[in-house]
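Reproduced below: final01.pdb, with PDB, C-alpha atoms.
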```pdb
ATOM      1  CA  MET A  11     160.909 163.212 -26.185
ATOM      2  CA  SER A  12     164.428 162.814 -27.521
ATOM      3  CA  ASN A  13     164.755 166.466 -28.506
ATOM      4  CA  LEU A  14     164.834 167.632 -24.892
ATOM      5  CA  GLY A  15     168.076 168.742 -23.297
ATOM      6  CA  ILE A  16     169.750 166.709 -20.546
ATOM      7  CA  LEU A  17     169.936 168.028 -16.992
ATOM      8  CA  TYR A  18     173.324 167.313 -15.418
ATOM      9  CA  GLY A  19     174.177 167.558 -11.740
ATOM     10  CA  LEU A  20     177.904 168.309 -11.716
ATOM     11  CA  GLY A  21     179.940 167.966  -8.551
ATOM     12  CA  VAL A  22     182.846 170.414  -8.858
ATOM     13  CA  GLY A  23     184.617 169.312  -5.690
ATOM     14  CA  PRO A  24     185.122 170.768  -2.220
ATOM     15  CA  GLY A  25     187.029 173.937  -3.106
ATOM     16  CA  ASP A  26     190.389 173.240  -4.722
ATOM     17  CA  PRO A  27     189.757 173.805  -8.458
ATOM     18  CA  GLU A  28     192.125 170.926  -9.325
ATOM     19  CA  LEU A  29     189.761 168.486  -7.631
ATOM     20  CA  ILE A  30     187.182 168.699 -10.432
ATOM     21  CA  THR A  31     186.839 165.471 -12.421
ATOM     22  CA  VAL A  32     187.734 165.085 -16.076
ATOM     23  CA  LYS A  33     184.123 164.159 -16.828
ATOM     24  CA  ALA A  34     182.718 167.245 -15.093
ATOM     25  CA  PHE A  35     185.233 169.378 -17.000
ATOM     26  CA  ARG A  36     184.121 167.882 -20.331
ATOM     27  CA  ILE A  37     180.433 168.419 -19.625
ATOM     28  CA  LEU A  38     181.076 172.007 -18.547
ATOM     29  CA  LYS A  39     182.768 172.630 -21.889
ATOM     30  CA  GLU A  40     179.991 170.940 -23.882
ATOM     31  CA  SER A  41     176.913 172.324 -22.117
ATOM     32  CA  PRO A  42     175.526 175.565 -23.552
ATOM     33  CA  VAL A  43     173.752 176.425 -20.282
ATOM     34  CA  ILE A  44     175.323 176.437 -16.822
ATOM     35  CA  ALA A  45     173.115 176.823 -13.765
ATOM     36  CA  TYR A  46     174.537 177.531 -10.338
ATOM     37  CA  PRO A  47     173.152 177.943  -6.813
ATOM     38  CA  ARG A  48     173.268 180.972  -4.587
ATOM     39  CA  LYS A  49     171.516 181.851  -1.322
ATOM     40  CA  LYS A  50     170.100 185.212  -2.412
ATOM     41  CA  ARG A  51     170.192 187.693  -5.274
ATOM     42  CA  GLY A  52     173.666 189.182  -5.637
ATOM     43  CA  ALA A  53     175.299 186.610  -3.341
ATOM     44  CA  LYS A  54     178.536 184.899  -4.358
ATOM     45  CA  SER A  55     178.366 181.259  -5.416
ATOM     46  CA  TYR A  56     181.052 178.900  -4.123
ATOM     47  CA  ALA A  57     180.440 176.420  -6.964
ATOM     48  CA  LEU A  58     180.491 179.173  -9.592
ATOM     49  CA  ALA A  59     183.875 180.443  -8.390
ATOM     50  CA  ILE A  60     185.353 177.019  -9.227
ATOM     51  CA  THR A  61     183.473 176.759 -12.519
ATOM     52  CA  GLU A  62     184.630 180.169 -13.775
ATOM     53  CA  LEU A  63     188.217 178.922 -13.869
ATOM     54  CA  TYR A  64     187.300 176.334 -16.500
ATOM     55  CA  VAL A  65     184.805 178.009 -18.817
ATOM     56  CA  ASN A  66     184.380 181.399 -20.421
ATOM     57  CA  THR A  67     181.071 182.470 -18.877
ATOM     58  CA  GLU A  68     180.519 184.995 -21.672
ATOM     59  CA  GLU A  69     180.236 182.083 -24.114
ATOM     60  CA  LYS A  70     177.607 180.308 -21.984
ATOM     61  CA  VAL A  71     174.096 181.055 -20.836
ATOM     62  CA  MET A  72     174.604 181.497 -17.084
ATOM     63  CA  VAL A  73     171.526 180.845 -14.949
ATOM     64  CA  PRO A  74     171.704 181.802 -11.253
ATOM     65  CA  LEU A  75     169.255 179.784  -9.164
ATOM     66  CA  ILE A  76     168.314 181.155  -5.759
ATOM     67  CA  PHE A  77     167.993 178.681  -2.906
ATOM     68  CA  PRO A  78     166.807 180.750   0.054
ATOM     69  CA  MET A  79     167.952 179.785   3.556
ATOM     70  CA  THR A  80     164.488 179.710   5.112
ATOM     71  CA  ARG A  81     162.068 177.219   6.628
ATOM     72  CA  ASP A  82     159.028 179.157   5.356
ATOM     73  CA  ARG A  83     157.334 176.419   3.322
ATOM     74  CA  GLU A  84     155.274 178.788   1.176
ATOM     75  CA  ALA A  85     158.299 180.925   0.266
ATOM     76  CA  LEU A  86     160.317 177.821  -0.517
ATOM     77  CA  GLU A  87     157.645 176.293  -2.752
ATOM     78  CA  LEU A  88     157.262 179.540  -4.677
ATOM     79  CA  GLN A  89     161.011 179.820  -5.210
ATOM     80  CA  TRP A  90     161.349 176.148  -6.185
ATOM     81  CA  THR A  91     158.587 176.496  -8.770
ATOM     82  CA  LYS A  92     160.493 179.431 -10.300
ATOM     83  CA  THR A  93     163.758 177.467 -10.180
ATOM     84  CA  VAL A  94     162.350 174.469 -12.057
ATOM     85  CA  ALA A  95     160.748 176.770 -14.641
ATOM     86  CA  SER A  96     164.073 178.602 -15.137
ATOM     87  CA  VAL A  97     165.843 175.346 -15.988
ATOM     88  CA  TRP A  98     162.962 173.815 -17.967
ATOM     89  CA  GLN A  99     162.869 176.684 -20.470
ATOM     90  CA  TYR A 100     166.300 175.638 -21.748
ATOM     91  CA  LEU A 101     165.732 171.877 -21.577
ATOM     92  CA  GLU A 102     162.511 172.351 -23.550
ATOM     93  CA  GLN A 103     164.518 174.001 -26.321
ATOM     94  CA  GLY A 104     166.829 170.974 -26.510
ATOM     95  CA  GLN A 105     169.715 172.602 -24.664
ATOM     96  CA  ASP A 106     171.666 170.659 -22.050
ATOM     97  CA  VAL A 107     171.886 172.312 -18.640
ATOM     98  CA  ALA A 108     174.819 171.664 -16.293
ATOM     99  CA  PHE A 109     173.922 172.475 -12.697
ATOM    100  CA  VAL A 110     177.154 172.921 -10.735
ATOM    101  CA  THR A 111     177.358 172.237  -7.035
ATOM    102  CA  GLU A 112     180.230 172.061  -4.567
ATOM    103  CA  GLY A 113     181.137 168.594  -3.371
ATOM    104  CA  ASP A 114     179.001 165.749  -4.694
ATOM    105  CA  PRO A 115     175.544 166.333  -6.234
ATOM    106  CA  MET A 116     174.007 163.402  -4.352
ATOM    107  CA  ILE A 117     175.249 164.245  -0.842
ATOM    108  CA  TYR A 118     173.303 167.006   0.948
ATOM    109  CA  SER A 119     173.204 169.034  -2.249
ATOM    110  CA  THR A 120     170.765 171.588  -3.668
ATOM    111  CA  PHE A 121     170.772 169.472  -6.834
ATOM    112  CA  ILE A 122     168.795 166.756  -5.036
ATOM    113  CA  HIS A 123     165.822 169.092  -4.628
ATOM    114  CA  LEU A 124     166.049 170.301  -8.217
ATOM    115  CA  MET A 125     166.242 166.710  -9.495
ATOM    116  CA  ARG A 126     163.189 165.606  -7.501
ATOM    117  CA  LEU A 127     161.031 168.504  -8.612
ATOM    118  CA  MET A 128     162.124 168.217 -12.235
ATOM    119  CA  MET A 129     161.169 164.510 -12.183
ATOM    120  CA  GLU A 130     157.805 165.458 -10.681
ATOM    121  CA  HIS A 131     156.968 168.279 -13.102
ATOM    122  CA  HIS A 132     158.762 167.029 -16.227
ATOM    123  CA  PRO A 133     159.353 163.264 -15.918
ATOM    124  CA  GLU A 134     160.343 163.090 -19.582
ATOM    125  CA  VAL A 135     163.625 164.929 -18.881
ATOM    126  CA  GLU A 136     166.783 162.815 -18.731
ATOM    127  CA  ILE A 137     168.788 163.579 -15.594
ATOM    128  CA  ARG A 138     172.395 162.533 -15.069
ATOM    129  CA  SER A 139     174.542 162.953 -11.967
ATOM    130  CA  VAL A 140     178.320 163.306 -12.212
ATOM    131  CA  PRO A 141     179.945 162.518  -8.863
ATOM    132  CA  GLY A 142     182.374 164.904  -7.266
ATOM    133  CA  ILE A 143     184.833 164.789  -4.383
ATOM    134  CA  SER A 144     182.953 165.786  -1.248
ATOM    135  CA  SER A 145     184.242 167.792   1.699
ATOM    136  CA  VAL A 146     183.993 164.553   3.685
ATOM    137  CA  ASN A 147     186.587 162.817   1.483
ATOM    138  CA  ALA A 148     188.701 165.941   1.271
ATOM    139  CA  SER A 149     188.823 166.464   5.033
ATOM    140  CA  ALA A 150     190.331 162.991   5.535
ATOM    141  CA  SER A 151     193.155 163.848   3.145
ATOM    142  CA  GLN A 152     193.741 167.284   4.643
ATOM    143  CA  LEU A 153     193.904 165.866   8.166
ATOM    144  CA  GLY A 154     195.954 162.871   7.055
ATOM    145  CA  ILE A 155     193.721 160.398   8.878
ATOM    146  CA  PRO A 156     191.933 157.299   7.566
ATOM    147  CA  MET A 157     188.207 157.616   8.157
ATOM    148  CA  ALA A 158     187.464 153.910   8.136
ATOM    149  CA  ASP A 159     189.456 150.709   7.988
ATOM    150  CA  GLY A 160     188.480 147.061   8.180
ATOM    151  CA  ASP A 161     185.139 146.683   9.961
ATOM    152  CA  GLU A 162     185.051 150.202  11.384
ATOM    153  CA  LYS A 163     181.867 152.249  11.132
ATOM    154  CA  ILE A 164     181.711 155.750   9.714
ATOM    155  CA  ALA A 165     178.808 158.218   9.791
ATOM    156  CA  ILE A 166     177.991 161.523   8.092
ATOM    157  CA  VAL A 167     175.686 163.413  10.444
ATOM    158  CA  PRO A 168     174.098 166.877  10.171
ATOM    159  CA  ALA A 169     174.914 168.577  13.476
ATOM    160  CA  VAL A 170     171.784 169.576  15.395
ATOM    161  CA  ASP A 171     171.041 171.206  18.722
ATOM    162  CA  ASP A 172     170.336 167.919  20.490
ATOM    163  CA  TYR A 173     172.878 166.722  23.064
ATOM    164  CA  ASP A 174     171.603 163.126  23.224
ATOM    165  CA  GLN A 175     171.521 162.668  19.420
ATOM    166  CA  MET A 176     175.024 164.021  18.978
ATOM    167  CA  ARG A 177     176.380 161.924  21.836
ATOM    168  CA  TYR A 178     174.742 158.772  20.450
ATOM    169  CA  ALA A 179     176.244 159.397  16.982
ATOM    170  CA  ILE A 180     179.719 159.616  18.497
ATOM    171  CA  GLU A 181     179.300 156.635  20.786
ATOM    172  CA  SER A 182     177.997 154.329  18.055
ATOM    173  CA  HIS A 183     180.609 154.993  15.326
ATOM    174  CA  ASP A 184     184.384 154.881  14.991
ATOM    175  CA  CYS A 185     184.515 158.015  12.849
ATOM    176  CA  ILE A 186     181.867 160.721  12.530
ATOM    177  CA  VAL A 187     181.801 163.664  10.165
ATOM    178  CA  PHE A 188     179.443 166.337  11.465
ATOM    179  CA  ILE A 189     178.383 168.727   8.707
ATOM    180  CA  LYS A 190     176.744 172.139   9.293
ATOM    181  CA  VAL A 191     178.486 172.210  12.656
ATOM    182  CA  ALA A 192     178.980 175.990  12.866
ATOM    183  CA  LYS A 193     175.632 176.719  14.506
ATOM    184  CA  VAL A 194     176.098 174.198  17.338
ATOM    185  CA  ILE A 195     179.847 174.311  17.957
ATOM    186  CA  ASP A 196     179.478 175.008  21.700
ATOM    187  CA  LEU A 197     177.144 172.048  22.180
ATOM    188  CA  MET A 198     179.565 169.788  20.287
ATOM    189  CA  LEU A 199     182.427 170.910  22.506
ATOM    190  CA  ARG A 200     180.332 170.028  25.560
ATOM    191  CA  VAL A 201     179.470 166.562  24.194
ATOM    192  CA  LEU A 202     183.093 165.807  23.305
ATOM    193  CA  GLY A 203     184.296 167.089  26.664
ATOM    194  CA  ASP A 204     181.868 164.835  28.510
ATOM    195  CA  LEU A 205     183.076 161.847  26.455
ATOM    196  CA  ASN A 206     186.732 162.798  26.975
ATOM    197  CA  LEU A 207     187.176 162.896  23.179
ATOM    198  CA  ILE A 208     187.889 166.567  22.577
ATOM    199  CA  ASP A 209     191.442 165.740  21.444
ATOM    200  CA  LYS A 210     190.048 163.269  18.901
ATOM    201  CA  ALA A 211     188.245 165.974  16.917
ATOM    202  CA  ALA A 212     189.207 168.539  14.297
ATOM    203  CA  VAL A 213     187.213 171.295  12.593
ATOM    204  CA  LEU A 214     187.657 172.416   8.987
ATOM    205  CA  THR A 215     186.155 175.313   7.042
ATOM    206  CA  LYS A 216     185.993 175.525   3.219
ATOM    207  CA  VAL A 217     188.226 172.469   2.996
ATOM    208  CA  THR A 218     190.920 172.479   0.238
ATOM    209  CA  SER A 219     189.995 176.008  -0.924
ATOM    210  CA  SER A 220     192.267 179.053  -0.694
ATOM    211  CA  GLU A 221     190.196 180.096   2.359
ATOM    212  CA  GLU A 222     190.598 176.773   4.157
ATOM    213  CA  MET A 223     190.950 176.857   7.944
ATOM    214  CA  ILE A 224     191.811 173.831  10.097
ATOM    215  CA  TRP A 225     191.604 173.677  13.885
ATOM    216  CA  ARG A 226     193.155 170.635  15.533
ATOM    217  CA  ASP A 227     192.759 172.126  19.010
ATOM    218  CA  ILE A 228     189.052 172.837  18.849
ATOM    219  CA  ARG A 229     188.832 174.273  22.376
ATOM    220  CA  VAL A 230     189.657 177.687  20.892
ATOM    221  CA  LEU A 231     186.340 177.629  18.996
ATOM    222  CA  GLN A 232     184.209 178.069  22.126
ATOM    223  CA  GLY A 233     181.800 180.932  21.420
ATOM    224  CA  ARG A 234     183.235 181.538  17.931
ATOM    225  CA  GLU A 235     181.169 182.318  14.839
ATOM    226  CA  LEU A 236     182.141 179.999  11.999
ATOM    227  CA  GLU A 237     181.462 179.868   8.262
ATOM    228  CA  TYR A 238     178.469 177.842   7.045
ATOM    229  CA  LEU A 239     180.766 175.464   5.117
ATOM    230  CA  THR A 240     182.323 174.061   8.288
ATOM    231  CA  LEU A 241     182.529 170.434   9.367
ATOM    232  CA  MET A 242     183.905 168.476  12.281
ATOM    233  CA  VAL A 243     185.685 165.132  12.113
ATOM    234  CA  VAL A 244     185.715 162.942  15.207
ATOM    235  CA  ARG A 245     188.037 159.936  14.888
ATOM    236  CA  LYS A 246     188.162 157.658  17.910
TER     237      LYS A 246
END
```

As C-alpha coordinates:
Amino acid sequence: MSNLGILYGLGVGPGDPELITVKAFRILKESPVIAYPRKKRGAKSYALAITELYVNTEEKVMVPLIFPMTRDREALELQWTKTVASVWQYLEQGQDVAFVTEGDPMIYSTFIHLMRLMMEHHPEVEIRSVPGISSVNASASQLGIPMADGDEKIAIVPAVDDYDQMRYAIESHDCIVFIKVAKVIDLMLRVLGDLNLIDKAAVLTKVTSSEEMIWRDIRVLQGRELEYLTLMVVRK
(Lines of atoms letter the chains of each structure in order from A and count residues from 1; the text may use other names and numbers.)
(Lines give C-alpha, C1' and ligand atoms only; values in the text may rest on other atoms or scores of the structure.)
Protein backbone atom coordinates (compact mmCIF):
# COMPACT_ATOMS: atom_id res chain seq x y z
CA MET A 1 0.00 0.00 0.00
CA SER A 2 1.76 3.12 -1.22
CA ASN A 3 -0.42 5.47 0.82
CA LEU A 4 1.07 4.31 4.11
CA GLY A 5 3.53 6.48 5.99
CA ILE A 6 7.20 5.51 6.33
CA LEU A 7 8.64 4.52 9.70
CA TYR A 8 12.11 6.00 10.21
CA GLY A 9 14.61 4.97 12.86
CA LEU A 10 16.69 8.11 13.41
CA GLY A 11 19.97 7.96 15.28
CA VAL A 12 20.47 11.39 16.86
CA GLY A 13 23.97 10.71 18.17
CA PRO A 14 25.51 10.07 21.58
CA GLY A 15 24.66 13.34 23.32
CA ASP A 16 26.31 16.35 21.69
CA PRO A 17 23.52 17.92 19.60
CA GLU A 18 26.05 18.85 16.87
CA LEU A 19 26.67 15.16 16.22
CA ILE A 20 23.30 14.66 14.51
CA THR A 21 23.60 13.92 10.79
CA VAL A 22 22.33 16.19 8.03
CA LYS A 23 20.01 13.42 6.86
CA ALA A 24 18.50 12.89 10.32
CA PHE A 25 18.00 16.66 10.60
CA ARG A 26 16.16 16.76 7.26
CA ILE A 27 13.86 13.88 8.15
CA LEU A 28 13.08 15.44 11.53
CA LYS A 29 12.00 18.61 9.73
CA GLU A 30 9.92 16.72 7.15
CA SER A 31 8.19 14.17 9.38
CA PRO A 32 4.83 15.26 10.82
CA VAL A 33 5.07 12.72 13.67
CA ILE A 34 8.03 12.24 16.00
CA ALA A 35 8.10 9.28 18.35
CA TYR A 36 10.59 9.01 21.18
CA PRO A 37 11.45 6.45 23.86
CA ARG A 38 11.24 6.81 27.60
CA LYS A 39 11.48 4.31 30.46
CA LYS A 40 8.24 5.26 32.22
CA ARG A 41 5.44 7.82 32.13
CA GLY A 42 6.77 11.28 32.96
CA ALA A 43 10.43 10.25 32.60
CA LYS A 44 12.85 12.42 30.63
CA SER A 45 13.98 11.18 27.22
CA TYR A 46 17.66 11.54 26.34
CA ALA A 47 16.92 11.34 22.59
CA LEU A 48 14.09 13.87 22.86
CA ALA A 49 16.35 16.41 24.59
CA ILE A 50 18.58 16.40 21.48
CA THR A 51 15.63 16.46 19.08
CA GLU A 52 13.96 19.46 20.75
CA LEU A 53 16.89 21.65 19.75
CA TYR A 54 16.13 21.08 16.07
CA VAL A 55 12.34 21.06 15.76
CA ASN A 56 9.45 23.02 17.19
CA THR A 57 7.61 20.26 19.04
CA GLU A 58 4.40 22.32 19.03
CA GLU A 59 4.32 21.98 15.23
CA LYS A 60 4.68 18.18 15.37
CA VAL A 61 2.64 15.31 16.72
CA MET A 62 4.86 14.08 19.57
CA VAL A 63 4.36 10.44 20.54
CA PRO A 64 6.06 9.22 23.73
CA LEU A 65 6.64 5.46 23.66
CA ILE A 66 7.24 3.72 26.98
CA PHE A 67 9.88 1.00 27.07
CA PRO A 68 9.71 -0.40 30.60
CA MET A 69 12.91 -1.65 32.24
CA THR A 70 11.55 -5.05 33.25
CA ARG A 71 12.07 -8.72 32.44
CA ASP A 72 8.38 -9.53 33.04
CA ARG A 73 7.51 -11.05 29.65
CA GLU A 74 3.76 -10.51 29.97
CA ALA A 75 4.16 -6.84 30.92
CA LEU A 76 6.61 -6.32 28.09
CA GLU A 77 4.38 -7.94 25.47
CA LEU A 78 1.41 -5.86 26.57
CA GLN A 79 3.43 -2.65 26.40
CA TRP A 80 4.96 -3.56 23.03
CA THR A 81 1.52 -4.24 21.56
CA LYS A 82 0.43 -0.75 22.69
CA THR A 83 3.64 0.78 21.30
CA VAL A 84 3.17 -0.72 17.83
CA ALA A 85 -0.49 0.35 17.80
CA SER A 86 0.49 3.91 18.80
CA VAL A 87 2.82 4.21 15.81
CA TRP A 88 0.60 2.31 13.36
CA GLN A 89 -2.32 4.72 13.80
CA TYR A 90 -0.25 7.46 12.14
CA LEU A 91 1.37 5.27 9.48
CA GLU A 92 -2.09 4.01 8.52
CA GLN A 93 -3.16 7.59 7.86
CA GLY A 94 -0.22 8.08 5.48
CA GLN A 95 1.89 10.09 7.91
CA ASP A 96 5.62 9.44 8.23
CA VAL A 97 6.84 8.69 11.74
CA ALA A 98 10.41 9.48 12.83
CA PHE A 99 11.42 7.43 15.85
CA VAL A 100 14.42 9.12 17.49
CA THR A 101 16.97 7.19 19.47
CA GLU A 102 20.33 8.08 20.99
CA GLY A 103 23.34 6.65 19.22
CA ASP A 104 22.64 4.41 16.24
CA PRO A 105 19.21 2.80 15.66
CA MET A 106 20.73 -0.57 14.77
CA ILE A 107 23.09 -0.95 17.75
CA TYR A 108 21.42 -2.05 21.00
CA SER A 109 18.54 0.32 20.35
CA THR A 110 14.85 0.30 21.30
CA PHE A 111 14.15 0.89 17.60
CA ILE A 112 15.23 -2.68 16.81
CA HIS A 113 12.33 -4.08 18.83
CA LEU A 114 9.86 -1.63 17.31
CA MET A 115 11.08 -2.47 13.79
CA ARG A 116 10.75 -6.23 14.34
CA LEU A 117 7.25 -6.03 15.74
CA MET A 118 6.08 -3.58 13.09
CA MET A 119 7.36 -5.98 10.39
CA GLU A 120 5.51 -8.82 12.12
CA HIS A 121 2.18 -7.03 12.58
CA HIS A 122 2.24 -4.72 9.54
CA PRO A 123 4.70 -6.10 6.96
CA GLU A 124 3.39 -3.67 4.36
CA VAL A 125 5.01 -0.71 6.17
CA GLU A 126 8.23 0.66 4.69
CA ILE A 127 10.92 1.00 7.36
CA ARG A 128 14.11 3.00 6.92
CA SER A 129 17.05 3.31 9.30
CA VAL A 130 19.21 6.43 9.38
CA PRO A 131 22.55 5.69 11.04
CA GLY A 132 23.84 7.82 13.86
CA ILE A 133 27.12 8.23 15.71
CA SER A 134 27.14 5.74 18.57
CA SER A 135 28.63 6.19 22.03
CA VAL A 136 31.21 3.60 20.97
CA ASN A 137 32.56 5.84 18.19
CA ALA A 138 32.25 8.93 20.34
CA SER A 139 34.17 7.44 23.26
CA ALA A 140 37.20 6.79 21.02
CA SER A 141 37.28 10.45 20.03
CA GLN A 142 36.77 11.70 23.58
CA LEU A 143 39.57 9.50 24.90
CA GLY A 144 41.80 10.24 21.93
CA ILE A 145 42.61 6.58 21.34
CA PRO A 146 42.26 4.48 18.17
CA MET A 147 39.99 1.53 18.83
CA ALA A 148 41.36 -0.67 16.08
CA ASP A 149 44.20 -0.53 13.60
CA GLY A 150 45.51 -2.98 11.04
CA ASP A 151 44.51 -6.53 11.98
CA GLU A 152 43.47 -5.71 15.54
CA LYS A 153 40.20 -7.08 16.90
CA ILE A 154 37.54 -4.95 18.54
CA ALA A 155 34.43 -6.08 20.43
CA ILE A 156 31.27 -4.41 21.73
CA VAL A 157 30.12 -6.44 24.73
CA PRO A 158 27.17 -5.96 27.11
CA ALA A 159 28.70 -6.18 30.59
CA VAL A 160 27.22 -9.02 32.64
CA ASP A 161 27.77 -10.46 36.09
CA ASP A 162 29.96 -13.31 34.85
CA TYR A 163 33.67 -13.17 35.69
CA ASP A 164 34.74 -15.81 33.14
CA GLN A 165 32.79 -14.24 30.24
CA MET A 166 34.16 -10.78 30.93
CA ARG A 167 37.71 -12.07 31.29
CA TYR A 168 37.45 -14.04 28.04
CA ALA A 169 36.18 -10.96 26.16
CA ILE A 170 39.20 -8.97 27.32
CA GLU A 171 41.71 -11.72 26.66
CA SER A 172 40.49 -12.41 23.12
CA HIS A 173 40.34 -8.83 21.76
CA ASP A 174 42.69 -5.87 21.43
CA CYS A 175 39.99 -3.34 22.30
CA ILE A 176 36.71 -3.98 24.11
CA VAL A 177 33.85 -1.58 24.69
CA PHE A 178 31.68 -2.79 27.55
CA ILE A 179 28.23 -1.20 27.47
CA LYS A 180 25.76 -1.20 30.40
CA VAL A 181 28.75 -1.47 32.70
CA ALA A 182 27.29 0.48 35.64
CA LYS A 183 25.64 -2.51 37.30
CA VAL A 184 28.81 -4.65 37.34
CA ILE A 185 31.56 -2.07 37.82
CA ASP A 186 33.06 -3.84 40.86
CA LEU A 187 33.29 -7.15 39.01
CA MET A 188 34.96 -5.42 36.05
CA LEU A 189 37.52 -3.83 38.35
CA ARG A 190 38.30 -7.28 39.77
CA VAL A 191 38.72 -8.81 36.29
CA LEU A 192 40.98 -5.99 35.11
CA GLY A 193 43.00 -6.13 38.32
CA ASP A 194 43.58 -9.86 37.91
CA LEU A 195 44.73 -9.29 34.31
CA ASN A 196 46.94 -6.36 35.34
CA LEU A 197 45.06 -4.14 32.85
CA ILE A 198 43.34 -1.68 35.16
CA ASP A 199 45.45 1.18 33.76
CA LYS A 200 44.36 0.25 30.23
CA ALA A 201 40.70 1.05 30.91
CA ALA A 202 38.57 4.19 31.03
CA VAL A 203 34.91 4.73 31.93
CA LEU A 204 32.62 7.30 30.33
CA THR A 205 29.08 8.40 31.17
CA LYS A 206 26.72 10.22 28.76
CA VAL A 207 29.61 10.65 26.33
CA THR A 208 29.83 14.01 24.47
CA SER A 209 26.79 15.45 26.30
CA SER A 210 26.87 18.41 28.69
CA GLU A 211 26.69 15.84 31.53
CA GLU A 212 29.64 13.79 30.28
CA MET A 213 31.95 12.27 32.89
CA ILE A 214 35.25 10.53 32.10
CA TRP A 215 37.31 8.48 34.54
CA ARG A 216 40.79 7.50 33.39
CA ASP A 217 41.73 6.19 36.84
CA ILE A 218 38.84 3.79 37.28
CA ARG A 219 39.95 2.56 40.71
CA VAL A 220 37.94 5.42 42.23
CA LEU A 221 34.73 3.80 40.93
CA GLN A 222 34.86 0.88 43.38
CA GLY A 223 31.43 0.68 45.03
CA ARG A 224 30.12 3.72 43.12
CA GLU A 225 26.63 4.00 41.63
CA LEU A 226 26.85 5.07 38.00
CA GLU A 227 24.38 6.30 35.39
CA TYR A 228 22.76 3.73 33.09
CA LEU A 229 24.38 5.33 30.02
CA THR A 230 27.89 4.35 31.11
CA LEU A 231 30.46 2.37 29.15
CA MET A 232 33.99 1.13 29.66
CA VAL A 233 36.75 1.06 27.06
CA VAL A 234 39.61 -1.38 27.53
CA ARG A 235 42.48 -0.81 25.08
CA LYS A 236 45.40 -3.19 25.43

Suppose a student applies the PyMOL selection byres ((chain A and resi 228-242) around 8) to this structure; what residues should they get, written as a JSON list (two decimals) with C-alpha atoms, keeping the file's coordinate frame?
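Result saved to selection27.json:
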```json
[["chain", "number", "residue", "atom", "x", "y", "z"],
["A", 187, "VAL", "CA", 181.80, 163.66, 10.16],
["A", 188, "PHE", "CA", 179.44, 166.34, 11.46],
["A", 189, "ILE", "CA", 178.38, 168.73, 8.71],
["A", 190, "LYS", "CA", 176.74, 172.14, 9.29],
["A", 191, "VAL", "CA", 178.49, 172.21, 12.66],
["A", 192, "ALA", "CA", 178.98, 175.99, 12.87],
["A", 193, "LYS", "CA", 175.63, 176.72, 14.51],
["A", 195, "ILE", "CA", 179.85, 174.31, 17.96],
["A", 196, "ASP", "CA", 179.48, 175.01, 21.70],
["A", 199, "LEU", "CA", 182.43, 170.91, 22.51],
["A", 208, "ILE", "CA", 187.89, 166.57, 22.58],
["A", 209, "ASP", "CA", 191.44, 165.74, 21.44],
["A", 211, "ALA", "CA", 188.24, 165.97, 16.92],
["A", 212, "ALA", "CA", 189.21, 168.54, 14.30],
["A", 213, "VAL", "CA", 187.21, 171.30, 12.59],
["A", 214, "LEU", "CA", 187.66, 172.42, 8.99],
["A", 215, "THR", "CA", 186.16, 175.31, 7.04],
["A", 216, "LYS", "CA", 185.99, 175.52, 3.22],
["A", 225, "TRP", "CA", 191.60, 173.68, 13.88],
["A", 226, "ARG", "CA", 193.16, 170.64, 15.53],
["A", 227, "ASP", "CA", 192.76, 172.13, 19.01],
["A", 243, "VAL", "CA", 185.68, 165.13, 12.11],
["A", 244, "VAL", "CA", 185.72, 162.94, 15.21]]
```

Starting from the shown file, work through the PyMOL selection byres ((chain A and resi 69) around 12) and note down what comes out as an MDAnalysis selection string. chainID A and resid 38:44 62 64:68 70:72

Just want the 12 Å neighbourhood of Phe77 (chain A), counted on all atoms listed in the file, with same-chain residues fewer than 2 positions away dropped. Output as an MDAnalysis selection string. chainID A and resid 46:51 53 55 74:75 79:81 85:94 119:121 123:124

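A straight line drawn from CA of Tyr18 (chain A) to CA of Leu63 (chain A) is 18.9 Å long.
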
How many Å separate CA of Val217 (chain A) from CA of Gly25 (chain A)? 6.4 Å

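Restricting the calculation to only C-alpha atoms, the smallest distance between Asn147 (chain A) and any of A:Asp159, A:Asp114, A:Glu130, A:Asp82 is found for A:Asp114.
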